[in-house]
Each structure stands twice: as structure tokens, then as C-alpha cells.
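Some notes on the structure that comes next.
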Number of protein chains: 2
Amino acid sequence: MTGEFELIRRYFASAACARAEGAVALGIGDDCALLAPAAGQQLAVSTDTLVEGVHFPKACDAFLLGQRSLAVAASDLAAMGATPLAFTLALSLPEADDAWLAELARGLDRMARQCAMQLIGGDTTRGPLSLTLTVFGQVPTGQALLRCGARQGDLLCVGGALGDAAGALPLVLGQRQADPQLAEPLLARYWSPQPQFALGQALRGKASAALDISDGLLADCGHIARASAVRLCVEQARVPLSLPLRGFAGDSEALRCGLSGGDDYLLAFTLPPAHWPALQAEWPQVCRIGHVEAGDGVCLLDDDGRSLEPTVLGYQHF
Amino acid sequence: MTGEFELIRRYFASAACARAEGAVALGIGDDCALLAPAAGQQLAVSTDTLVEGVHFPKACDAFLLGQRSLAVAASDLAAMGATPLAFTLALSLPEADDAWLAELARGLDRMARQCAMQLIGGDTTRGPLSLTLTVFGQVPTGQALLRCGARQGDLLCVGGALGDAAGALPLVLGQRQADPQLAEPLLARYWSPQPQFALGQALRGKASAALDISDGLLADCGHIARASAVRLCVEQARVPLSLPLRGFAGDSEALRCGLSGGDDYLLAFTLPPAHWPALQAEWPQVCRIGHVEAGDGVCLLDDDGRSLEPTVLGYQHF
């Protein structure tokens, strides 16, 4: 947090030495920020980096980039059942461009307000464009949703229709065009993911394992399977796909996006069946897409319940 | 924290879903780590980015880079009087090189053990080499050392001899050579700064303002002056300079390094005079180098107490 951080601080209303209310005891402007989780709460922490040309297109809109970056990072808090509190931003920039920074800050600020999160610090350095966000939330002690609790017989569920963000990529990259009624909902899912905080909090004490889908459904189910030492079975016919995605990409490509596309930032979780009726009543957008068995890995079942080879795995940077 | 983070996790002993003891309730391996500061403690948080070619030389030794990166970041905890707990690492790498990563991890691990800090998460992405570390410590509620409390009549002190790291730069960059008895202590100060945790903790309830010197003494004193709305006066003759620095760089360049060189990561703080005798007895390496007046900014006083023009300001990236 050195002097050059002024470039970003300028766009966020926060006075040095200002002691804030609530969980943020000290915000931007000193060597450290100070967080004070409420009594009986633990602090959830996650770090995400977004690099130009890898996680977002070169020369993209700064407002959209700011909005998306915070949503992507904050989604990890939703996956733990945490209530969002605050974030830090480490920004690497090839040059200081006031207009660009103002737009980035406006996008971050929009999403920060939506998520009720406060910028508490960071660093700005000269270098190729990238953003590293560390997000903070609080969760009652012992109630965080982990990846390691899935048990044989649990249901496998997701928080909504999958694949829209991956399906939007040809639009994001300007490789294809589409009618606004198809393009707009898909682009919104890419540029403005909505972390499922309320769903995550509702799953505390109910879901046996949870995460947010960032690498693609099959790859992320693999994380739960490994951490829980079980097998997750995905019924292909139950994977929820939106009408705009099917209209834009066609059924086959839509399914590929839903199974292997990343970037949706919806929750995937396992649930003892006894909790299903109440959850379904309260969260109609939640879909049951499979179940948990003894074994390991992820299996994909076709419409007749036969196991398919899941050749399409999630995106791995290395 | 996706699959590719395995690259770093491999070098750190930490099992997924392992519930650790103490303040780290959950380490690497889930969507978030969980921190539980002790009762009556706040969590101190700071983020630092180091970019190749800006904050460290291209093609530098990975072990030294790991060691230095964590020390630089953790120094902000010392400056708040916090006890270090944990850190996250966001690593951007042009390619995955196992031998290089093993050395980086060994350097991080060495400094982490020295500082009693645990790696709790992070992200690894493909991109130009840079490291963003977010560090966590705890400090008793209301006792953190801030920048805003300096008062007229306080003494200005530093935690030890200044300028060694800046003086070492020609050695670091291979532009000059020197006898090992001069080179080794200077290179150690650059590559392995020692965050002054114990001093910071000892200053709780005593120092009126504090920070760690990263941008250079004069520039960093400017931060205290601004936050506290006072003037800080530095007596040039009192600025402590090491024998190796004077031997290597000469008196004039040594003074320039001490006043304006960054990277020492020693504490600078203001202290009501009543605390000086006890502090001096317990911390003989601490030097009194000036005082606090009414006014603003930083003034530099020559050997006769006349004000000099501080033309040499700290490094600013933009």
C-alpha cells in the first residue's frame, strides 16, 4: 500500500485512519487493514488472479472487467456459505490511464455495493495488466461448507442453468454476433456473474459438500469427489441449460458448455436427500443433476443411465 | 484456488480438509481458508505485489526471491505491531518449471518458518512472472500501530541502520563486485529482510505512529506527516548507516541510500519522549533520528540544524 495506490484510492471514498463500523475496523490507508469478525464467526479468505489474455480478453471494457473480477473472486465466499465483508485489490498496470482506472473502479464499486463488500487495501504496480483480488467473508465457526463431506447416497445439485458464460465466449471475443435477446443474457452471465451468497448461507448445516463452478461442472465435481473420497455421477439429461444458450449455440454445444465450460460461478453441492423437498420449495432454480456413490472420480450418465466417457474436462492452465 | 495450484501445494505440506490448530482453522485445499483470530484480537491484512524487472531483477535466484517476497509483505504486519499468522500467494508464471518452483517454495518456506506463518491458499496463473502475497496477523483490539498519531514533541526513531538494501543494488544487478565482507551483509539485507515483529509488538501502547520503510526514509516519513498532520524533522547526522554500506558506497552515496533508498523494511516510528529511556535500554539498535513539530511535510536538518531541501524523494512507480 504505497503512494501510487492513490490512483485507485481516489475512486473509492475511504479516509486514512478512518475507523469504520462493523467487521472492517480499519480500511485503506495504513500498512494493514484491520478486520474484526463478529463473535462466533471465522474469517473466510480466498485469492484469485485474472490475467489479460488468459482470464479476460485483451482491450476489454474496464467497467465490465472490474465488475466481473470481484464477482469471480467473491464467488468463493458463497461456496463456503460465508457472508461477504471486504476485499483487497493488487493491480498490475502497463501504464497509468486515469479514464481507464475510473471505469475499472466504477465496475468494482458497482459489484462491491451489490455484494456489500468494502475495498480495504491493495497495491498498484507497473507491469502487464492483471488483477489479484483477496476476498474476505465471515461464517459461523464450524459451519463453513467444505468440499470433503459428500457421502454415498447424497444428491448432486447445482444452483442454476450452466454453460451460459462459456457459451458467451464467441460473443465476448467478437467472433460471432447474435440477436440481443440471445446475446444479452449470455453476455450478462459472462461479465456480471452473481455469486450465490444467499444460497450458500441457506446450505449451511444442510449441504455435505459445496464449491463454486469455475473450471467446469465435471472438473469441479472431480474436486468434491477427490476431497470426499466418493464418486459423483452426473445425469447428462438433468444438466440445466438455458434457452438463450441452446438458441445461440445449439443443443450439442450447449451441453458441452454446461458440462465443461467454466466461468458460471454457480454453486455445485451434495445434499442428503432428506433436505431436498424443503430446498426445492425455497430455491426453485436449484436443480438435482445426479448423486453420490461409493468409488472415485466423476461419471457421466446418458439418458438411459449408461456411463459415458467424460473426455471433456475443465480448463487447466498448466 | 483451482487445480493448477497443485504446482505450489506440492511443495507445502498441507492436506485438503485438514483442520489446523490455532488461528488457521482451515488451510489450503478448499474454496477459502478459514482464520479464527484469538478472542480480543483483530486481524491485520496487507497485500503486496512484486513484478519481475520492477521489484526484483529478471532471472534472479528463485530461492532468494521466495524468501524476500514473503519478508517484504510480512513487514507490514510488523509495522502494525501484529503477530504474523498466515499468507496467501498468487503466482503468475510464464511457464511451469518444476525445479524453479521447488526453489521458490523452499525460499518461501524458509521465511515462513522464520516468521511462523502458514501458507493458506492462493492461485497460480500463466502470465508474466509476478507474485502477490496477502499476509495476515493478529493484534489486540485497539492496539494496532497506525500512521496517524504522531504529535508535536514526539521523537522520530528508526529500527536500525538504513540504506543497506538500496546500497546493495549494484551488487544485486551484477554491476559491481566487492569483498565478501562488504558484499555479504549488504546482499543479505536486500535478499533476506528481517521484519521487525518483536519491535513492533514492543511498541504497542508506546509509539504514537509507525510504518515500515519501503519507499525510503524521507518518503515514508512523509506518509506519517500527512496522516498525522504534523511535520517530521530528520537530523541528517543521526541517520544510522552501516560500516559495510559506507565502505562499499562511500559516505555520500551511503547517506543518499539511507535517506531515499527503499527496501530496508525497518520500522520508522514516533515516540513520546518519556518512553525513550526504557526503549533504548531494551532495543540498543533503535536510533533516534529526529523529532515531530507543528507544520506539515518532512524537513531534513544538516549538522548545524539548518533545514536542507530534500530533493531526493522515495521511489514512486508512477
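Ordering of the C-alpha cells sets the chain letters (A, B, ...), residue numbers begin anew at 1 in every chain, and ligands are numbered from 1 in the order given.
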Chain A contacts to chain B at 8 Å (only C-alpha atoms) as a PyMOL selection string: chain A and resi 1-4+16-17+30-37+41-51+54+76-77+79-80+88-90+96+121-128+132+134+146-148+211-212+215+227+316-318
So that I can see what lies close to segment 246-260 of chain A, please list as an mmCIF file with all heavy atoms, in the first residue's frame the residues with an atom at most 9 Å from it, counting only C-alpha atoms and leaving out residues fewer than 5 positions away in the same chain.
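To be explicit, this is the file written out as out_14.cif:
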data_model
loop_
_atom_site.group_PDB
_atom_site.id
_atom_site.type_symbol
_atom_site.label_atom_id
_atom_site.label_comp_id
_atom_site.auth_asym_id
_atom_site.auth_seq_id
_atom_site.Cartn_x
_atom_site.Cartn_y
_atom_site.Cartn_z
ATOM 1 N N ALA A 161 -28.912 -22.780 -14.221
ATOM 2 C CA ALA A 161 -28.543 -23.234 -15.571
ATOM 3 C C ALA A 161 -27.059 -22.989 -15.822
ATOM 4 O O ALA A 161 -26.526 -21.918 -15.524
ATOM 5 C CB ALA A 161 -29.385 -22.499 -16.610
ATOM 6 N N LEU A 162 -26.403 -23.983 -16.404
ATOM 7 C CA LEU A 162 -24.947 -23.961 -16.576
ATOM 8 C C LEU A 162 -24.546 -23.645 -18.021
ATOM 9 O O LEU A 162 -25.306 -23.896 -18.949
ATOM 10 C CB LEU A 162 -24.359 -25.319 -16.200
ATOM 11 C CG LEU A 162 -24.611 -25.797 -14.774
ATOM 12 C CD1 LEU A 162 -23.988 -27.173 -14.568
ATOM 13 C CD2 LEU A 162 -24.048 -24.801 -13.772
ATOM 14 N N GLY A 163 -23.347 -23.159 -18.181
ATOM 15 C CA GLY A 163 -22.749 -23.059 -19.503
ATOM 16 C C GLY A 163 -22.946 -21.726 -20.204
ATOM 17 O O GLY A 163 -22.342 -21.498 -21.256
ATOM 18 N N ASP A 164 -23.767 -20.856 -19.648
ATOM 19 C CA ASP A 164 -24.027 -19.579 -20.330
ATOM 20 C C ASP A 164 -22.756 -18.768 -20.539
ATOM 21 O O ASP A 164 -22.536 -18.204 -21.620
ATOM 22 C CB ASP A 164 -25.015 -18.731 -19.520
ATOM 23 C CG ASP A 164 -26.443 -19.213 -19.668
ATOM 24 O OD1 ASP A 164 -26.676 -20.201 -20.398
ATOM 25 O OD2 ASP A 164 -27.336 -18.612 -19.038
ATOM 26 N N ALA A 165 -21.900 -18.705 -19.505
ATOM 27 C CA ALA A 165 -20.689 -17.878 -19.614
ATOM 28 C C ALA A 165 -19.756 -18.448 -20.675
ATOM 29 O O ALA A 165 -19.196 -17.710 -21.496
ATOM 30 C CB ALA A 165 -19.987 -17.781 -18.263
ATOM 31 N N ALA A 166 -19.591 -19.773 -20.666
ATOM 32 C CA ALA A 166 -18.724 -20.398 -21.682
ATOM 33 C C ALA A 166 -19.342 -20.227 -23.063
ATOM 34 O O ALA A 166 -18.640 -19.954 -24.040
ATOM 35 C CB ALA A 166 -18.512 -21.869 -21.358
ATOM 36 N N GLY A 167 -20.655 -20.363 -23.138
ATOM 37 C CA GLY A 167 -21.339 -20.183 -24.412
ATOM 38 C C GLY A 167 -21.212 -18.772 -24.944
ATOM 39 O O GLY A 167 -21.247 -18.548 -26.159
ATOM 40 N N ALA A 168 -21.051 -17.814 -24.033
ATOM 41 C CA ALA A 168 -20.955 -16.407 -24.440
ATOM 42 C C ALA A 168 -19.596 -16.059 -25.035
ATOM 43 O O ALA A 168 -19.454 -14.986 -25.638
ATOM 44 C CB ALA A 168 -21.231 -15.493 -23.241
ATOM 45 N N ALA A 178 -25.205 -11.985 -32.348
ATOM 46 C CA ALA A 178 -26.497 -12.649 -32.160
ATOM 47 C C ALA A 178 -27.552 -11.608 -31.851
ATOM 48 O O ALA A 178 -27.228 -10.469 -31.508
ATOM 49 C CB ALA A 178 -26.419 -13.669 -31.032
ATOM 50 N N ASP A 179 -28.812 -12.004 -32.017
ATOM 51 C CA ASP A 179 -29.927 -11.151 -31.596
ATOM 52 C C ASP A 179 -29.731 -10.723 -30.148
ATOM 53 O O ASP A 179 -29.329 -11.542 -29.320
ATOM 54 C CB ASP A 179 -31.236 -11.976 -31.648
ATOM 55 C CG ASP A 179 -31.913 -11.857 -32.992
ATOM 56 O OD1 ASP A 179 -31.366 -11.172 -33.878
ATOM 57 O OD2 ASP A 179 -32.983 -12.472 -33.139
ATOM 58 N N LEU A 182 -30.871 -13.079 -27.411
ATOM 59 C CA LEU A 182 -29.988 -14.204 -27.080
ATOM 60 C C LEU A 182 -28.677 -13.704 -26.463
ATOM 61 O O LEU A 182 -28.179 -14.240 -25.470
ATOM 62 C CB LEU A 182 -29.653 -15.024 -28.333
ATOM 63 C CG LEU A 182 -30.784 -15.814 -28.991
ATOM 64 C CD1 LEU A 182 -30.253 -16.581 -30.200
ATOM 65 C CD2 LEU A 182 -31.440 -16.774 -28.002
ATOM 66 N N ALA A 183 -28.109 -12.659 -27.095
ATOM 67 C CA ALA A 183 -26.763 -12.210 -26.698
ATOM 68 C C ALA A 183 -26.749 -11.597 -25.304
ATOM 69 O O ALA A 183 -25.840 -11.870 -24.509
ATOM 70 C CB ALA A 183 -26.239 -11.197 -27.721
ATOM 71 N N ASP A 215 -14.158 -24.066 -13.064
ATOM 72 C CA ASP A 215 -13.382 -24.802 -14.074
ATOM 73 C C ASP A 215 -14.265 -25.646 -14.981
ATOM 74 O O ASP A 215 -13.758 -26.298 -15.896
ATOM 75 C CB ASP A 215 -12.373 -25.734 -13.389
ATOM 76 C CG ASP A 215 -11.322 -24.958 -12.605
ATOM 77 O OD1 ASP A 215 -11.161 -23.758 -12.869
ATOM 78 O OD2 ASP A 215 -10.667 -25.564 -11.743
ATOM 79 N N GLY A 216 -15.570 -25.663 -14.750
ATOM 80 C CA GLY A 216 -16.480 -26.522 -15.490
ATOM 81 C C GLY A 216 -17.060 -27.583 -14.556
ATOM 82 O O GLY A 216 -16.377 -28.072 -13.655
ATOM 83 N N LEU A 217 -18.313 -27.964 -14.796
ATOM 84 C CA LEU A 217 -19.025 -28.869 -13.889
ATOM 85 C C LEU A 217 -18.253 -30.152 -13.621
ATOM 86 O O LEU A 217 -18.069 -30.559 -12.470
ATOM 87 C CB LEU A 217 -20.405 -29.214 -14.481
ATOM 88 C CG LEU A 217 -21.212 -30.253 -13.688
ATOM 89 C CD1 LEU A 217 -21.620 -29.702 -12.332
ATOM 90 C CD2 LEU A 217 -22.441 -30.708 -14.475
ATOM 91 N N LEU A 218 -17.803 -30.839 -14.677
ATOM 92 C CA LEU A 218 -17.168 -32.147 -14.481
ATOM 93 C C LEU A 218 -15.858 -32.016 -13.709
ATOM 94 O O LEU A 218 -15.573 -32.799 -12.802
ATOM 95 C CB LEU A 218 -16.944 -32.840 -15.818
ATOM 96 C CG LEU A 218 -18.224 -33.200 -16.590
ATOM 97 C CD1 LEU A 218 -17.865 -33.859 -17.927
ATOM 98 C CD2 LEU A 218 -19.134 -34.104 -15.771
ATOM 99 N N ALA A 219 -15.060 -31.033 -14.073
ATOM 100 C CA ALA A 219 -13.778 -30.841 -13.381
ATOM 101 C C ALA A 219 -14.016 -30.496 -11.918
ATOM 102 O O ALA A 219 -13.346 -31.008 -11.019
ATOM 103 C CB ALA A 219 -12.970 -29.739 -14.072
ATOM 104 N N GLN A 236 -26.589 -36.674 -17.545
ATOM 105 C CA GLN A 236 -26.484 -35.691 -18.626
ATOM 106 C C GLN A 236 -27.824 -35.008 -18.925
ATOM 107 O O GLN A 236 -27.874 -33.800 -19.137
ATOM 108 C CB GLN A 236 -25.973 -36.414 -19.866
ATOM 109 C CG GLN A 236 -25.659 -35.544 -21.022
ATOM 110 C CD GLN A 236 -25.023 -36.370 -22.140
ATOM 111 O OE1 GLN A 236 -23.835 -36.669 -22.102
ATOM 112 N NE2 GLN A 236 -25.823 -36.752 -23.115
ATOM 113 N N VAL A 239 -28.746 -31.938 -16.700
ATOM 114 C CA VAL A 239 -27.932 -30.714 -16.633
ATOM 115 C C VAL A 239 -28.747 -29.549 -17.174
ATOM 116 O O VAL A 239 -29.155 -29.558 -18.342
ATOM 117 C CB VAL A 239 -26.625 -30.889 -17.432
ATOM 118 C CG1 VAL A 239 -25.851 -29.581 -17.503
ATOM 119 C CG2 VAL A 239 -25.756 -31.984 -16.795
ATOM 120 N N PRO A 240 -29.016 -28.547 -16.345
ATOM 121 C CA PRO A 240 -29.885 -27.448 -16.783
ATOM 122 C C PRO A 240 -29.170 -26.508 -17.755
ATOM 123 O O PRO A 240 -28.073 -26.037 -17.470
ATOM 124 C CB PRO A 240 -30.226 -26.725 -15.477
ATOM 125 C CG PRO A 240 -29.104 -27.051 -14.544
ATOM 126 C CD PRO A 240 -28.565 -28.393 -14.946
ATOM 127 N N LEU A 241 -29.814 -26.274 -18.899
ATOM 128 C CA LEU A 241 -29.250 -25.403 -19.933
ATOM 129 C C LEU A 241 -30.285 -24.340 -20.272
ATOM 130 O O LEU A 241 -31.464 -24.651 -20.460
ATOM 131 C CB LEU A 241 -28.909 -26.230 -21.183
ATOM 132 C CG LEU A 241 -27.969 -27.414 -20.942
ATOM 133 C CD1 LEU A 241 -27.899 -28.317 -22.178
ATOM 134 C CD2 LEU A 241 -26.573 -26.938 -20.550
ATOM 135 N N VAL A 312 -14.342 -34.633 -21.989
ATOM 136 C CA VAL A 312 -14.269 -33.171 -21.995
ATOM 137 C C VAL A 312 -14.073 -32.676 -20.569
ATOM 138 O O VAL A 312 -15.018 -32.573 -19.800
ATOM 139 C CB VAL A 312 -15.561 -32.585 -22.593
ATOM 140 C CG1 VAL A 312 -15.448 -32.573 -24.094
ATOM 141 C CG2 VAL A 312 -16.776 -33.371 -22.148
ATOM 142 N N LEU A 313 -12.840 -32.430 -20.209
ATOM 143 C CA LEU A 313 -12.561 -31.972 -18.847
ATOM 144 C C LEU A 313 -12.464 -30.455 -18.810
ATOM 145 O O LEU A 313 -12.395 -29.783 -19.832
ATOM 146 C CB LEU A 313 -11.275 -32.608 -18.336
ATOM 147 C CG LEU A 313 -11.435 -34.119 -18.065
ATOM 148 C CD1 LEU A 313 -10.096 -34.749 -17.782
ATOM 149 C CD2 LEU A 313 -12.417 -34.358 -16.920
ATOM 150 N N GLY A 314 -12.457 -29.921 -17.596
ATOM 151 C CA GLY A 314 -12.388 -28.460 -17.421
ATOM 152 C C GLY A 314 -11.054 -27.910 -17.854
ATOM 153 O O GLY A 314 -10.085 -28.633 -18.083
ATOM 154 N N TYR A 315 -11.018 -26.638 -17.941
ATOM 155 C CA TYR A 315 -9.837 -25.910 -18.368
ATOM 156 C C TYR A 315 -8.761 -25.962 -17.287
ATOM 157 O O TYR A 315 -9.027 -25.746 -16.125
ATOM 158 C CB TYR A 315 -10.247 -24.459 -18.619
ATOM 159 C CG TYR A 315 -9.133 -23.563 -19.058
ATOM 160 C CD1 TYR A 315 -8.411 -23.840 -20.196
ATOM 161 C CD2 TYR A 315 -8.814 -22.426 -18.324
ATOM 162 C CE1 TYR A 315 -7.395 -23.007 -20.607
ATOM 163 C CE2 TYR A 315 -7.806 -21.584 -18.733
ATOM 164 C CZ TYR A 315 -7.093 -21.885 -19.876
ATOM 165 O OH TYR A 315 -6.085 -21.061 -20.279
#
All helix (DSSP H, G or I) positions in segment 175-212 of chain A, as a PyMOL selection string: chain A and resi 180-191+197-202
Given the selection you just returned, output its residues as a file containing N, CA and C atoms, formatted as an mmCIF file, in the first residue's frame.
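This is the output file part.cif:
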data_model
loop_
_atom_site.group_PDB
_atom_site.id
_atom_site.type_symbol
_atom_site.label_atom_id
_atom_site.label_comp_id
_atom_site.auth_asym_id
_atom_site.auth_seq_id
_atom_site.Cartn_x
_atom_site.Cartn_y
_atom_site.Cartn_z
ATOM 1 N N PRO A 180 -30.051 -9.473 -29.829
ATOM 2 C CA PRO A 180 -29.901 -9.035 -28.434
ATOM 3 C C PRO A 180 -30.617 -9.950 -27.440
ATOM 4 N N GLN A 181 -31.766 -10.524 -27.836
ATOM 5 C CA GLN A 181 -32.475 -11.337 -26.836
ATOM 6 C C GLN A 181 -31.749 -12.641 -26.519
ATOM 7 N N LEU A 182 -30.871 -13.079 -27.411
ATOM 8 C CA LEU A 182 -29.988 -14.204 -27.080
ATOM 9 C C LEU A 182 -28.677 -13.704 -26.463
ATOM 10 N N ALA A 183 -28.109 -12.659 -27.095
ATOM 11 C CA ALA A 183 -26.763 -12.210 -26.698
ATOM 12 C C ALA A 183 -26.749 -11.597 -25.304
ATOM 13 N N GLU A 184 -27.753 -10.781 -25.001
ATOM 14 C CA GLU A 184 -27.671 -10.023 -23.744
ATOM 15 C C GLU A 184 -27.633 -10.901 -22.494
ATOM 16 N N PRO A 185 -28.545 -11.884 -22.383
ATOM 17 C CA PRO A 185 -28.471 -12.709 -21.163
ATOM 18 C C PRO A 185 -27.164 -13.504 -21.068
ATOM 19 N N LEU A 186 -26.633 -13.944 -22.216
ATOM 20 C CA LEU A 186 -25.385 -14.702 -22.180
ATOM 21 C C LEU A 186 -24.210 -13.796 -21.784
ATOM 22 N N LEU A 187 -24.128 -12.626 -22.398
ATOM 23 C CA LEU A 187 -23.053 -11.690 -22.065
ATOM 24 C C LEU A 187 -23.126 -11.268 -20.600
ATOM 25 N N ALA A 188 -24.349 -11.093 -20.097
ATOM 26 C CA ALA A 188 -24.501 -10.709 -18.686
ATOM 27 C C ALA A 188 -23.948 -11.804 -17.775
ATOM 28 N N ARG A 189 -24.166 -13.059 -18.168
ATOM 29 C CA ARG A 189 -23.661 -14.147 -17.325
ATOM 30 C C ARG A 189 -22.131 -14.196 -17.347
ATOM 31 N N TYR A 190 -21.518 -13.800 -18.476
ATOM 32 C CA TYR A 190 -20.060 -13.762 -18.523
ATOM 33 C C TYR A 190 -19.518 -12.561 -17.748
ATOM 34 N N TRP A 191 -20.064 -11.379 -18.019
ATOM 35 C CA TRP A 191 -19.458 -10.153 -17.479
ATOM 36 C C TRP A 191 -19.912 -9.828 -16.072
ATOM 37 N N PHE A 197 -24.486 -15.985 -2.779
ATOM 38 C CA PHE A 197 -24.286 -15.864 -1.329
ATOM 39 C C PHE A 197 -25.468 -16.414 -0.536
ATOM 40 N N ALA A 198 -26.676 -16.022 -0.911
ATOM 41 C CA ALA A 198 -27.855 -16.406 -0.119
ATOM 42 C C ALA A 198 -28.049 -17.923 -0.161
ATOM 43 N N LEU A 199 -27.843 -18.505 -1.342
ATOM 44 C CA LEU A 199 -27.961 -19.963 -1.434
ATOM 45 C C LEU A 199 -26.897 -20.634 -0.563
ATOM 46 N N GLY A 200 -25.664 -20.159 -0.645
ATOM 47 C CA GLY A 200 -24.586 -20.733 0.168
ATOM 48 C C GLY A 200 -24.922 -20.676 1.655
ATOM 49 N N GLN A 201 -25.428 -19.535 2.085
ATOM 50 C CA GLN A 201 -25.774 -19.397 3.501
ATOM 51 C C GLN A 201 -26.934 -20.329 3.876
ATOM 52 N N ALA A 202 -27.876 -20.485 2.948
ATOM 53 C CA ALA A 202 -29.015 -21.375 3.218
ATOM 54 C C ALA A 202 -28.581 -22.837 3.308
#
Per-residue DSSP, segment 4-95 of chain B, filtered to strand (DSSP E), as a ChimeraX atom specification: /B:24-26,33-35,41-51,83-93
For atom CA of Phe87 of chain A and atom CA of Arg113 of chain B, the interatomic separation in Å (one decimal):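 Pair atom CA of Phe87 of chain A / atom CA of Arg113 of chain B returns 26.6 Å.
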Atomic separation - atom CA of Ala150 of chain A relative to atom CA of Pro84 of chain A, Å: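 Atom-to-atom, atom CA of Pro84 of chain A and atom CA of Ala150 of chain A are spaced 24.6 Å apart.
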Atomic separation - atom CA of Pro244 of chain B relative to atom CA of His291 of chain B, Å: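 Computed distance, atom CA of His291 of chain B to atom CA of Pro244 of chain B, equals 27.2 Å.
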Distance query Gln118 of chain A at most 7 Å, only C-alpha atoms, self and fewer than 3 positions along chain excluded, as a PyMOL selection string: chain A and resi 85-87+112
Selected residues written out, C-alpha atoms, as a PDB file, in the first residue's frame:
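The resulting again-v1.pdb:
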ATOM      1  CA  LEU A  85     -17.269  -8.377   4.002  1.00  0.00           C
ATOM      2  CA  ALA A  86     -14.292  -6.907   2.204  1.00  0.00           C
ATOM      3  CA  PHE A  87     -11.592  -7.275  -0.442  1.00  0.00           C
ATOM      4  CA  ALA A 112     -18.868  -4.209  -4.281  1.00  0.00           C
TER       5      ALA A 112
END
